[in-house]
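What follows is one structure encoded as structure tokens, with my remarks underneath.
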Amino acid sequence: MIDATATMSAPAALLAGLAGSAHCLTMCGGIASALGMRARATAINPAGTLRVALTYQAGRLSGYTLSGLLVGLFGETLQRVLNLSNLIVPIRVASGVLLVLVALRVLFSWNALRSLEHLGAQFWRHLQPLIRHTSTLSDTSRAAAMGLLWGWLPCGLAYSMLLFAALSGDALRGGAIMLAFGIGTLPSMLSGTLLASALHRLLAQRWPRLMSGSLLMLSGMWLMFAALQTVSHLHHL
């Protein structure tokens, strides 16, 4: 049978990023605008501004991908050490439930995973002092480093995707999940950094969130259904 979790995980993460655009604009819009002002201050022309802005975003996507690789590796190691092969189906059902919870947050602002944000805030306190050391770097290196640290900011939506990556039980898949999620948030973050007002207004509207959130909900339900169908198929055999 086709592994539905492997097939759906990255597209679902991309949907989560797109669906959370309004949330991203609220939580990180100020950071994006501040970095955009820094990009315009350090660049000598519009092309230079775009280059610095893209460097910020490349650093952020690198941070997401690295975190996905790490938690995916952790999930993979945990499953091997504890011999959780008989729990693969419950883990896949849990992945589907997680996507449904993320969709509920996007659609109705109901946050059932608030504890992840508190955990992430504790971790961020250890990384925050590194921001001071970026002042000694060149403009491009500083932009990449700031973007990399930006990718580790405490965010309930991002940490939900990290849990999803960990449940994938595979380092490469975990990295792909977080990269896809970061790409999904890219339009909203670039619109904040470059002040693309038309795109900013579009992402702030309700219908893109409803459409992508509904698709995310269906993705989670499909993952649960596919996992339960696997049980039914094995029982039949």
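FYI, nothing fancy with the structure tokens labels: chains A, B, ... in order, residues from 1 per chain, ligands from 1 as they appear.
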
Query raised in the report: Can you tell me, as an MDAnalysis selection string, what residues are no more than 6 Å from segment 144-147 of chain A when counting only C-alpha atoms, ignoring any on the same chain fewer than 3 positions away?
Result: chainID A and resid 55:57 59:60 141 150

**Report entry** For Ser160 of chain A: contacts at 8 Å, only C-alpha atoms, fewer than 3 positions along chain excluded, given as a ChimeraX atom specification
**Finding:** /A:98,102,113,116,156-157,163-164

Write the residues of the preceding selection, restricted to N, CA and C atoms, as a PDB file, in the first residue's frame.
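File produced: result-v9.pdb:
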ATOM      1  N   LEU A  98      -3.187  15.768  14.785  1.00  0.00           N
ATOM      2  CA  LEU A  98      -2.422  17.001  14.929  1.00  0.00           C
ATOM      3  C   LEU A  98      -2.762  17.996  13.823  1.00  0.00           C
ATOM      4  N   VAL A 102      -4.355  21.741  14.162  1.00  0.00           N
ATOM      5  CA  VAL A 102      -3.782  22.943  13.539  1.00  0.00           C
ATOM      6  C   VAL A 102      -4.839  23.641  12.680  1.00  0.00           C
ATOM      7  N   LEU A 113      -2.869  23.428  21.525  1.00  0.00           N
ATOM      8  CA  LEU A 113      -1.465  23.058  21.673  1.00  0.00           C
ATOM      9  C   LEU A 113      -0.662  24.199  22.287  1.00  0.00           C
ATOM     10  N   LEU A 116       2.913  23.764  23.740  1.00  0.00           N
ATOM     11  CA  LEU A 116       4.083  23.760  22.856  1.00  0.00           C
ATOM     12  C   LEU A 116       4.733  25.139  22.796  1.00  0.00           C
ATOM     13  N   GLY A 156       3.529  28.774  18.149  1.00  0.00           N
ATOM     14  CA  GLY A 156       2.718  27.576  18.314  1.00  0.00           C
ATOM     15  C   GLY A 156       2.500  26.825  17.016  1.00  0.00           C
ATOM     16  N   LEU A 157       2.305  27.571  15.925  1.00  0.00           N
ATOM     17  CA  LEU A 157       2.067  26.924  14.639  1.00  0.00           C
ATOM     18  C   LEU A 157       3.326  26.193  14.160  1.00  0.00           C
ATOM     19  N   LEU A 163       6.262  19.009  15.873  1.00  0.00           N
ATOM     20  CA  LEU A 163       5.725  17.768  16.423  1.00  0.00           C
ATOM     21  C   LEU A 163       5.304  16.833  15.293  1.00  0.00           C
ATOM     22  N   PHE A 164       4.702  17.400  14.248  1.00  0.00           N
ATOM     23  CA  PHE A 164       4.318  16.617  13.072  1.00  0.00           C
ATOM     24  C   PHE A 164       5.554  15.988  12.428  1.00  0.00           C
TER      25      PHE A 164
END

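The coordinates place atom CA of Gly68 of chain A at 19.7 Å from atom CA of Val81 of chain A.
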
Query raised in the report: If you count only C-alpha atoms, which residues fall within 10 Å of segment 174-186 of chain A, apart from same-chain ones fewer than 6 positions away, as a PyMOL selection string?
Result: chain A and resi 6+8-25+54+57-58+60-76+151+157-159+161-168+192

Report task. Just list the residues in segment 34-159 of chain A DSSP gives helix (DSSP H, G or I) on the backbone, as a PyMOL selection string. Result -> chain A and resi 34-42+46-81+85-108+114-127+130-136+139-150+156-159

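Minimum atom-to-atom distances from A:Leu87, A:Leu216, A:Leu78, A:Ala121 to Cys155 of chain A were compared using only C-alpha atoms, and the lowest value belongs to A:Ala121.
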
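Of the listed residues A:Ala94, A:Val106, A:Ala112, A:Leu127, the one whose atoms come nearest to Arg206 of chain A is A:Val106, with distances taken using only C-alpha atoms.
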